[in-house]
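Colleague: Structure incoming, see below.
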Amino acid sequence: MRFSTIPGLPEVKSLLLRSARSGHVAHAQLFAGVDGGAALALALAYATYLTCDAPAETDACGACPACSKMARLVHPDLHFLLPLAESKLDDEERNARLVLFRAFFLENPYPTYTDWMAELKAENKQGIISREAANQLPMRAAMAPFEAPQKFFVIWLPETLHPTAANALLKLLEEPPRQTIFLLVSHNPGALLPTILSRTQRVSVRAHTEPELTDHLETAYGVAPAAALATAQLADGSLHAALALRGEVGSELFDFLVDWLRLCWGGNWLELLDKRSEAFQKMGREGQKHLLRYGLGVVRKVLLTGLYPALVPALPPSEADTVRKMSRLITPQNADAIVKALTDAHYHVERNANPKLVFFDTSLTLFPLLRM
């Protein structure tokens, strides 16, 4: 991972590069960002730059042996501490999870906690960084680096640390081993021990802006400008969501959503229970989540159309007329409740609820709201 592969965030990259070039590298840094954002990618790009054999002014070279190993996450001085669904694992099992994480991250370098739990097939289990894993930290941290000037411990989601594991980490941060850098990547820094927060240098990684997401989708993935803008608006600053939604935001999704709302308004229960719920199920979990996120974006556009048309983002001609008509149904009186219904549906889909039941239950909720 290199800085140049991460879109936007020039101020964060500049901050990290200045600290690296000046030699003022804090032994413990907390990359605080949103779920599905670039915090983990930036932490790894920072470690790559510090490890690179021939770094340029603005990025690692990307060609030396160190960069090659860091790009594959196999550098011997790069260590990970990750939330896992099982607490008691032997070394072989823990290494297998690490191999799985490497493949998981390389496929999508802007991961979410939920997707990692799904990758682990955790079902309803909560991910945790166990005390058994933390017990190995002091021994590993005491070892000298193998190849790089320093070794790195990347702790993804330290808010999932078992209390005993958190105390073990705190001891290391209080008396840091030589040539060791701890990079904590958190989506919820407020859940960390205050004593851990006080011993880390915070690097705030903001969400991406709509222009940054739009430009990345256009230049890196060839998404058409109108579709890139629509996707960026729906992603709400999440790079993970923007990449997951690319190619999904289009007329088919819009048509499905509009037909669904029309059937809800008309109370056409047989159609909703039979054909539409079946079609919703066939979308798969990610497709269902995309539709519901897309629906939230459309509700926002419809509400703005009825209140402040000048603030509505550019709409494709095929959608503009329908959105104007829908503004008579979605108003300030029912918009909050409709948003809650779609958000609740997204929550249940994300947690593997039966999609047909979620779809039909949401339809029942929307029926009286749309007829207010």
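The way I read the labels, and the way they are meant: chains A, B, ... in the order of the structure tokens, residue 1 as the first residue of every chain, and ligand 1 as the first ligand shown, with later ones counted on from there.
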Identify all residues of segment 271-355 of chain A in alpha helix (DSSP H) (DSSP on the backbone) and supply them as a ChimeraX atom specification.
Modeller: /A:271,277-282,284-307,317-326,335-350,355
Colleague: Find the residues around Arg246 of chain A up to 12 Å (only C-alpha atoms counted), leave out those fewer than 5 positions away in its own chain, and share them as a list in words.
Modeller: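 That gives Leu213, Thr214, His216, Leu217, Glu218, Ala220, Tyr221, Gly222, Val223, Ala224, Pro225, Ala226, Ala227, Ala228, Leu229, Ala230, Thr231, Ala232, Gln233, Leu234, Ala235, Leu239, His240, Ala241, Gly287, His290 and Tyr294 of chain A.
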Colleague: Out of A:Pro76, A:Ile155, A:Glu107, A:Arg293, which residue has the shortest atom-to-atom distance to Met143 of chain A when counting only C-alpha atoms?
Modeller: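 Answer, going by the shortest atom-to-atom distance: A:Pro76.
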Colleague: Report as a PyMOL selection string all protein, DNA and RNA residues lying within 10 Å of segment 120-130 of chain A, evaluated on only C-alpha atoms, omitting residues in the same chain fewer than 5 positions from it.
Modeller: chain A and resi 81-89+97+100-101+113-115+135+155-166+351-352
Colleague: Could you tell me, as a PyMOL selection string, which residues of segment 113-339 of chain A DSSP assigns to strand (DSSP E or B) when given the backbone?
Modeller: chain A and resi 128-129+151-156+161+180-186+201-204
Colleague: Restrict the calculation to only C-alpha atoms, then for each residue of segment 182-265 of chain A with any atom at most 10 Å from an atom of segment 323-342 of chain A give the closest atom pair and their distance in Å to one decimal, rows by chain and rising residue number, as JSON lines.
Modeller:
{"residue": "A:Val258", "atom": "CA", "partner": "A:Met326", "partner_atom": "CA", "distance": 8.9}
{"residue": "A:Leu261", "atom": "CA", "partner": "A:Met326", "partner_atom": "CA", "distance": 9.5}
{"residue": "A:Arg262", "atom": "CA", "partner": "A:Met326", "partner_atom": "CA", "distance": 9.6}
{"residue": "A:Trp265", "atom": "CA", "partner": "A:Leu329", "partner_atom": "CA", "distance": 9.1}
Colleague: Restricting the calculation to only C-alpha atoms: of A:Ala32, A:Leu257, A:Ala133, A:Val74, which residue gets closest to Asp90 of chain A?
Modeller: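 The closest residue to Asp90 of chain A is A:Ala133.
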Colleague: Could you tell me how far atom CA of Glu132 of chain A sits from atom CA of Ala45 of chain A, in Å to one decimal place?
Modeller: 28.2 Å
Colleague: Write out as a list in words each polymer residue whose atoms come within 7 Å of Gln201 of chain A, counting only C-alpha atoms; drop sequence neighbours fewer than 3 positions from it.
Modeller: Ala26, Ala28, Gln29 and Leu30 of chain A
Colleague: Would you write out those residues with all heavy atoms, as a PDB file, in the first residue's frame?
Modeller:
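Here's the written file result_9.pdb:
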ATOM      1  N   ALA A  26       6.332   9.164  16.128  1.00  0.00           N
ATOM      2  CA  ALA A  26       5.875   8.743  17.456  1.00  0.00           C
ATOM      3  C   ALA A  26       5.830   7.224  17.535  1.00  0.00           C
ATOM      4  O   ALA A  26       5.471   6.545  16.567  1.00  0.00           O
ATOM      5  CB  ALA A  26       4.498   9.327  17.742  1.00  0.00           C
ATOM      6  N   ALA A  28       3.785   5.397  19.135  1.00  0.00           N
ATOM      7  CA  ALA A  28       2.414   4.884  19.147  1.00  0.00           C
ATOM      8  C   ALA A  28       1.503   5.929  18.519  1.00  0.00           C
ATOM      9  O   ALA A  28       1.441   7.064  19.005  1.00  0.00           O
ATOM     10  CB  ALA A  28       1.962   4.569  20.565  1.00  0.00           C
ATOM     11  N   GLN A  29       0.817   5.543  17.451  1.00  0.00           N
ATOM     12  CA  GLN A  29      -0.053   6.483  16.745  1.00  0.00           C
ATOM     13  C   GLN A  29      -1.429   5.860  16.566  1.00  0.00           C
ATOM     14  O   GLN A  29      -1.554   4.665  16.295  1.00  0.00           O
ATOM     15  CB  GLN A  29       0.554   6.858  15.394  1.00  0.00           C
ATOM     16  CG  GLN A  29       1.951   7.462  15.532  1.00  0.00           C
ATOM     17  CD  GLN A  29       2.511   7.954  14.208  1.00  0.00           C
ATOM     18  OE1 GLN A  29       1.808   8.513  13.389  1.00  0.00           O
ATOM     19  NE2 GLN A  29       3.800   7.715  13.997  1.00  0.00           N
ATOM     20  N   LEU A  30      -2.438   6.710  16.721  1.00  0.00           N
ATOM     21  CA  LEU A  30      -3.817   6.256  16.603  1.00  0.00           C
ATOM     22  C   LEU A  30      -4.440   6.866  15.354  1.00  0.00           C
ATOM     23  O   LEU A  30      -4.669   8.074  15.291  1.00  0.00           O
ATOM     24  CB  LEU A  30      -4.621   6.673  17.845  1.00  0.00           C
ATOM     25  CG  LEU A  30      -6.126   6.398  17.789  1.00  0.00           C
ATOM     26  CD1 LEU A  30      -6.404   4.898  17.731  1.00  0.00           C
ATOM     27  CD2 LEU A  30      -6.823   7.020  18.994  1.00  0.00           C
TER      28      LEU A  30
END
Colleague: Using only C-alpha atoms, which residue out of A:Pro111, A:Pro10, A:Pro149, A:Gly23 lies closest to Cys52 of chain A?
Modeller: A:Pro149
Colleague: So that I can see what lies close to Lys13 of chain A, please list as a PDB file with all heavy atoms, in the first residue's frame the residues with an atom at most 9 Å from it, counting only C-alpha atoms and leaving out residues fewer than 3 positions away in the same chain.
Modeller:
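The resulting part00.pdb:
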ATOM      1  N   PHE A   3       0.901   5.772  -0.629  1.00  0.00           N
ATOM      2  CA  PHE A   3       0.047   6.957  -0.540  1.00  0.00           C
ATOM      3  C   PHE A   3      -0.649   7.253  -1.869  1.00  0.00           C
ATOM      4  O   PHE A   3      -1.802   7.681  -1.893  1.00  0.00           O
ATOM      5  CB  PHE A   3       0.877   8.170  -0.109  1.00  0.00           C
ATOM      6  CG  PHE A   3       1.329   8.121   1.321  1.00  0.00           C
ATOM      7  CD1 PHE A   3       2.681   8.132   1.639  1.00  0.00           C
ATOM      8  CD2 PHE A   3       0.414   8.053   2.358  1.00  0.00           C
ATOM      9  CE1 PHE A   3       3.114   8.086   2.955  1.00  0.00           C
ATOM     10  CE2 PHE A   3       0.833   8.002   3.686  1.00  0.00           C
ATOM     11  CZ  PHE A   3       2.180   8.022   3.979  1.00  0.00           C
ATOM     12  N   GLY A   8      -7.477  11.154  -2.576  1.00  0.00           N
ATOM     13  CA  GLY A   8      -7.786  12.279  -1.702  1.00  0.00           C
ATOM     14  C   GLY A   8      -6.957  12.338  -0.438  1.00  0.00           C
ATOM     15  O   GLY A   8      -5.828  11.850  -0.370  1.00  0.00           O
ATOM     16  N   LEU A   9      -7.490  13.016   0.580  1.00  0.00           N
ATOM     17  CA  LEU A   9      -6.883  13.166   1.908  1.00  0.00           C
ATOM     18  C   LEU A   9      -5.471  13.759   1.844  1.00  0.00           C
ATOM     19  O   LEU A   9      -4.552  13.281   2.525  1.00  0.00           O
ATOM     20  CB  LEU A   9      -6.842  11.816   2.630  1.00  0.00           C
ATOM     21  CG  LEU A   9      -8.168  11.064   2.739  1.00  0.00           C
ATOM     22  CD1 LEU A   9      -7.949   9.670   3.320  1.00  0.00           C
ATOM     23  CD2 LEU A   9      -9.159  11.840   3.583  1.00  0.00           C
ATOM     24  N   PRO A  10      -5.244  14.823   1.071  1.00  0.00           N
ATOM     25  CA  PRO A  10      -3.873  15.353   0.934  1.00  0.00           C
ATOM     26  C   PRO A  10      -3.292  15.874   2.236  1.00  0.00           C
ATOM     27  O   PRO A  10      -2.086  15.761   2.470  1.00  0.00           O
ATOM     28  CB  PRO A  10      -4.045  16.488  -0.088  1.00  0.00           C
ATOM     29  CG  PRO A  10      -5.492  16.887   0.015  1.00  0.00           C
ATOM     30  CD  PRO A  10      -6.228  15.613   0.314  1.00  0.00           C
ATOM     31  N   LEU A  16       1.739  12.959   7.577  1.00  0.00           N
ATOM     32  CA  LEU A  16       2.511  11.733   7.783  1.00  0.00           C
ATOM     33  C   LEU A  16       3.879  11.816   7.111  1.00  0.00           C
ATOM     34  O   LEU A  16       4.893  11.372   7.671  1.00  0.00           O
ATOM     35  CB  LEU A  16       1.720  10.539   7.239  1.00  0.00           C
ATOM     36  CG  LEU A  16       0.404  10.221   7.964  1.00  0.00           C
ATOM     37  CD1 LEU A  16      -0.373   9.149   7.219  1.00  0.00           C
ATOM     38  CD2 LEU A  16       0.668   9.777   9.403  1.00  0.00           C
ATOM     39  N   LEU A  17       3.909  12.381   5.913  1.00  0.00           N
ATOM     40  CA  LEU A  17       5.184  12.503   5.201  1.00  0.00           C
ATOM     41  C   LEU A  17       6.143  13.441   5.932  1.00  0.00           C
ATOM     42  O   LEU A  17       7.349  13.171   6.013  1.00  0.00           O
ATOM     43  CB  LEU A  17       4.929  13.010   3.782  1.00  0.00           C
ATOM     44  CG  LEU A  17       4.327  11.977   2.817  1.00  0.00           C
ATOM     45  CD1 LEU A  17       3.787  12.661   1.569  1.00  0.00           C
ATOM     46  CD2 LEU A  17       5.377  10.938   2.435  1.00  0.00           C
ATOM     47  N   ARG A  18       5.609  14.532   6.478  1.00  0.00           N
ATOM     48  CA  ARG A  18       6.465  15.465   7.221  1.00  0.00           C
ATOM     49  C   ARG A  18       7.082  14.794   8.438  1.00  0.00           C
ATOM     50  O   ARG A  18       8.270  14.962   8.720  1.00  0.00           O
ATOM     51  CB  ARG A  18       5.659  16.697   7.656  1.00  0.00           C
ATOM     52  CG  ARG A  18       5.440  17.722   6.575  1.00  0.00           C
ATOM     53  CD  ARG A  18       5.094  19.089   7.163  1.00  0.00           C
ATOM     54  NE  ARG A  18       3.970  19.027   8.093  1.00  0.00           N
ATOM     55  CZ  ARG A  18       2.697  19.134   7.741  1.00  0.00           C
ATOM     56  NH1 ARG A  18       2.386  19.290   6.460  1.00  0.00           N
ATOM     57  NH2 ARG A  18       1.733  19.085   8.643  1.00  0.00           N
ATOM     58  N   LEU A  42      -3.988   4.067   5.131  1.00  0.00           N
ATOM     59  CA  LEU A  42      -2.993   5.107   5.391  1.00  0.00           C
ATOM     60  C   LEU A  42      -1.930   4.627   6.382  1.00  0.00           C
ATOM     61  O   LEU A  42      -0.745   4.932   6.232  1.00  0.00           O
ATOM     62  CB  LEU A  42      -3.682   6.361   5.924  1.00  0.00           C
ATOM     63  CG  LEU A  42      -4.345   7.247   4.876  1.00  0.00           C
ATOM     64  CD1 LEU A  42      -5.236   8.293   5.533  1.00  0.00           C
ATOM     65  CD2 LEU A  42      -3.296   7.935   4.003  1.00  0.00           C
ATOM     66  N   TYR A  46       1.948   4.452   5.453  1.00  0.00           N
ATOM     67  CA  TYR A  46       2.940   5.106   6.311  1.00  0.00           C
ATOM     68  C   TYR A  46       4.048   4.126   6.681  1.00  0.00           C
ATOM     69  O   TYR A  46       5.249   4.451   6.600  1.00  0.00           O
ATOM     70  CB  TYR A  46       2.221   5.629   7.549  1.00  0.00           C
ATOM     71  CG  TYR A  46       3.048   6.425   8.521  1.00  0.00           C
ATOM     72  CD1 TYR A  46       3.782   7.534   8.104  1.00  0.00           C
ATOM     73  CD2 TYR A  46       3.060   6.098   9.872  1.00  0.00           C
ATOM     74  CE1 TYR A  46       4.516   8.283   9.005  1.00  0.00           C
ATOM     75  CE2 TYR A  46       3.784   6.840  10.789  1.00  0.00           C
ATOM     76  CZ  TYR A  46       4.512   7.936  10.348  1.00  0.00           C
ATOM     77  OH  TYR A  46       5.235   8.686  11.252  1.00  0.00           O
ATOM     78  N   THR A  58       7.394  12.215  -1.816  1.00  0.00           N
ATOM     79  CA  THR A  58       5.960  12.120  -1.540  1.00  0.00           C
ATOM     80  C   THR A  58       5.441  10.690  -1.432  1.00  0.00           C
ATOM     81  O   THR A  58       4.258  10.497  -1.161  1.00  0.00           O
ATOM     82  CB  THR A  58       5.158  12.838  -2.651  1.00  0.00           C
ATOM     83  OG1 THR A  58       5.460  12.233  -3.915  1.00  0.00           O
ATOM     84  CG2 THR A  58       5.497  14.315  -2.685  1.00  0.00           C
TER      85      THR A  58
END
